[in-house]
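Please read the structure below before turning to the comments.
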Amino acid sequence: MTSPPNPDYPEPVEGLSLICHPDTPSQTVTGVKVQISRQVHTGALWIEYEVAGAKHLVLPKAQNPIRADNLWMTTCFELFVRTLGHVGYFEYNFSPSCRWAAYSFDAYRSAMRELPMHDPEIWLTTMEDYFFLAVEAGPELAMKEIGIALSAVIEEVDGTKSYWALRHPPGPPDFHHPDCFALNLGAPDAV
């Protein structure tokens, strides 16, 4: 894993392992790890996803880094953010194609709309049997303490799709569920 691109990021929270949903086992992926850091002055996030056992991943072809819908239909990395104490939240989708999406919700799957945001920076790396996607997103994020849900949809060349998250609620995969917000990050330092 790499370090954030900007010295204003503190050391990242490392060792976050996403859990594969028990109803959607992977054929070849052996793990998905994440590290995350919050920029000191703006609250922007730097996140790196690492997929182990990645030789058989479906990786969408590189495209212009623009907003696009339905990225979760194939390999895609996701971030959900809410201010602690609130039910509204943001959803961010980051594709290996370098396309991205951002949505705002007033409550659980309620009043979905596009979230205005600057194009995020997305970096991709493949090394042996590992795939890495790093992204810098924000500074649209609130300058408050936030709850985070990290997740990934992984598609393999045989058509297998597995769903990975820090924590899964009971039932089928549902990254929007409040139980998925398993990580809290403190407010960044004010300038």
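How things are named: the first chain in the structure tokens is A, the next is B, and so on; residues count from 1 in each chain; ligands count from 1 in the order shown.
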All strand (DSSP E or B) residues (DSSP, backbone) inside chain A, as a PyMOL selection string: chain A and resi 13-20+31-38+45-52+57+67+76-83+89-94+100-105+107+110+113-114+121-127+130-137+146-156+161-165+183-185
Given only C-alpha atoms as the counted atoms, nearest of A:Leu185, A:Val40, A:Leu45, A:Val153 to Asn70 (chain A):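 Among A:Leu185, A:Val40, A:Leu45, A:Val153, it is A:Val153 that comes nearest to Asn70 (chain A).
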Counting only C-alpha atoms, the residue of A:Leu84, A:Ile146, A:Leu183, A:Leu79 that sits nearest Trp100 (chain A):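 Checking each candidate against Trp100 (chain A), we get A:Leu79 as the closest.
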Shell of 8 Å around His168 (chain A), only C-alpha atoms, local chain residues under 4 positions omitted, as a ChimeraX atom specification: /A:19,21,173-175,179-180
Test item: residues at most 9 Å from Thr160 (chain A), only C-alpha atoms, excluding those fewer than 6 positions along its chain, as a ChimeraX atom specification: /A:24-27,154
Residues within 6 Å of region 91-95 of chain A, only C-alpha atoms, excluding chain neighbours under 5 positions, as a count of residues only: 9
Counting only C-alpha atoms, the residue of A:Pro116, A:Gly53, A:Gly88, A:Pro60 that sits nearest Val29 (chain A):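 Result for the nearest residue to Val29 (chain A): A:Gly53.
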Nearest candidate to Ala187 (chain A) (options A:Arg167, A:Lys55, A:Lys144, A:Lys61; using only C-alpha atoms):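 Result for the nearest residue to Ala187 (chain A): A:Lys144.
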Residue among A:Glu114, A:Asp129, A:Glu48, A:Asp23 lying closest to Ser151 (chain A), counting only C-alpha atoms: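 Going through A:Glu114, A:Asp129, A:Glu48, A:Asp23 one by one, the smallest distance to Ser151 (chain A) is for A:Glu48.
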Gln35 (chain A) surroundings by only C-alpha atoms, 6 Å radius, close-in-sequence under 4 positions cut, as an mmCIF file with N, CA and C atoms, in the first residue's frame:
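The result, stored in around28.cif:
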```cif
data_model
loop_
_atom_site.group_PDB
_atom_site.id
_atom_site.type_symbol
_atom_site.label_atom_id
_atom_site.label_comp_id
_atom_site.auth_asym_id
_atom_site.auth_seq_id
_atom_site.Cartn_x
_atom_site.Cartn_y
_atom_site.Cartn_z
ATOM 1 N N PRO A 12 -2.366 7.038 7.872
ATOM 2 C CA PRO A 12 -3.679 6.443 7.614
ATOM 3 C C PRO A 12 -4.063 5.396 8.645
ATOM 4 N N VAL A 13 -5.378 5.197 8.787
ATOM 5 C CA VAL A 13 -5.894 4.063 9.538
ATOM 6 C C VAL A 13 -5.649 2.855 8.654
ATOM 7 N N GLU A 14 -4.828 1.927 9.117
ATOM 8 C CA GLU A 14 -4.457 0.766 8.309
ATOM 9 C C GLU A 14 -5.088 -0.493 8.895
ATOM 10 N N ILE A 47 -8.131 7.292 0.315
ATOM 11 C CA ILE A 47 -8.477 5.904 0.574
ATOM 12 C C ILE A 47 -7.731 5.029 -0.418
ATOM 13 N N GLU A 48 -7.202 3.912 0.065
ATOM 14 C CA GLU A 48 -6.605 2.935 -0.839
ATOM 15 C C GLU A 48 -7.201 1.560 -0.565
#
```
For Pro188 (chain A): contacts at 8 Å, only C-alpha atoms, fewer than 4 positions along chain excluded, given as a PyMOL selection string: chain A and resi 38-43+143-145
Go ahead and save the picked residues with N, CA, C and O atoms, as a PDB file, in the first residue's frame.
```
ATOM      1  N   ARG A  38      -7.710  11.206   6.702  1.00  0.00           N
ATOM      2  CA  ARG A  38      -8.500  12.431   6.525  1.00  0.00           C
ATOM      3  C   ARG A  38      -7.586  13.638   6.553  1.00  0.00           C
ATOM      4  O   ARG A  38      -6.837  13.848   7.517  1.00  0.00           O
ATOM      5  N   GLN A  39      -7.642  14.454   5.505  1.00  0.00           N
ATOM      6  CA  GLN A  39      -6.775  15.619   5.360  1.00  0.00           C
ATOM      7  C   GLN A  39      -6.994  16.595   6.514  1.00  0.00           C
ATOM      8  O   GLN A  39      -8.128  16.860   6.893  1.00  0.00           O
ATOM      9  N   VAL A  40      -5.908  17.089   7.055  1.00  0.00           N
ATOM     10  CA  VAL A  40      -5.956  17.898   8.273  1.00  0.00           C
ATOM     11  C   VAL A  40      -6.758  19.183   8.103  1.00  0.00           C
ATOM     12  O   VAL A  40      -7.547  19.546   8.967  1.00  0.00           O
ATOM     13  N   HIS A  41      -6.604  19.886   6.981  1.00  0.00           N
ATOM     14  CA  HIS A  41      -7.200  21.214   6.852  1.00  0.00           C
ATOM     15  C   HIS A  41      -8.534  21.241   6.130  1.00  0.00           C
ATOM     16  O   HIS A  41      -9.350  22.127   6.375  1.00  0.00           O
ATOM     17  N   THR A  42      -8.785  20.297   5.218  1.00  0.00           N
ATOM     18  CA  THR A  42     -10.010  20.372   4.418  1.00  0.00           C
ATOM     19  C   THR A  42     -11.027  19.287   4.737  1.00  0.00           C
ATOM     20  O   THR A  42     -12.190  19.409   4.376  1.00  0.00           O
ATOM     21  N   GLY A  43     -10.580  18.209   5.374  1.00  0.00           N
ATOM     22  CA  GLY A  43     -11.488  17.100   5.633  1.00  0.00           C
ATOM     23  C   GLY A  43     -11.583  16.111   4.483  1.00  0.00           C
ATOM     24  O   GLY A  43     -12.300  15.127   4.566  1.00  0.00           O
ATOM     25  N   MET A 143     -16.833  19.234   7.892  1.00  0.00           N
ATOM     26  CA  MET A 143     -15.685  19.359   8.783  1.00  0.00           C
ATOM     27  C   MET A 143     -16.039  18.852  10.184  1.00  0.00           C
ATOM     28  O   MET A 143     -15.636  19.422  11.183  1.00  0.00           O
ATOM     29  N   LYS A 144     -16.818  17.803  10.256  1.00  0.00           N
ATOM     30  CA  LYS A 144     -17.267  17.255  11.534  1.00  0.00           C
ATOM     31  C   LYS A 144     -16.821  15.813  11.658  1.00  0.00           C
ATOM     32  O   LYS A 144     -16.295  15.226  10.716  1.00  0.00           O
ATOM     33  N   GLU A 145     -17.095  15.220  12.835  1.00  0.00           N
ATOM     34  CA  GLU A 145     -16.824  13.801  13.014  1.00  0.00           C
ATOM     35  C   GLU A 145     -17.763  13.014  12.104  1.00  0.00           C
ATOM     36  O   GLU A 145     -18.951  13.325  12.009  1.00  0.00           O
TER      37      GLU A 145
END
```
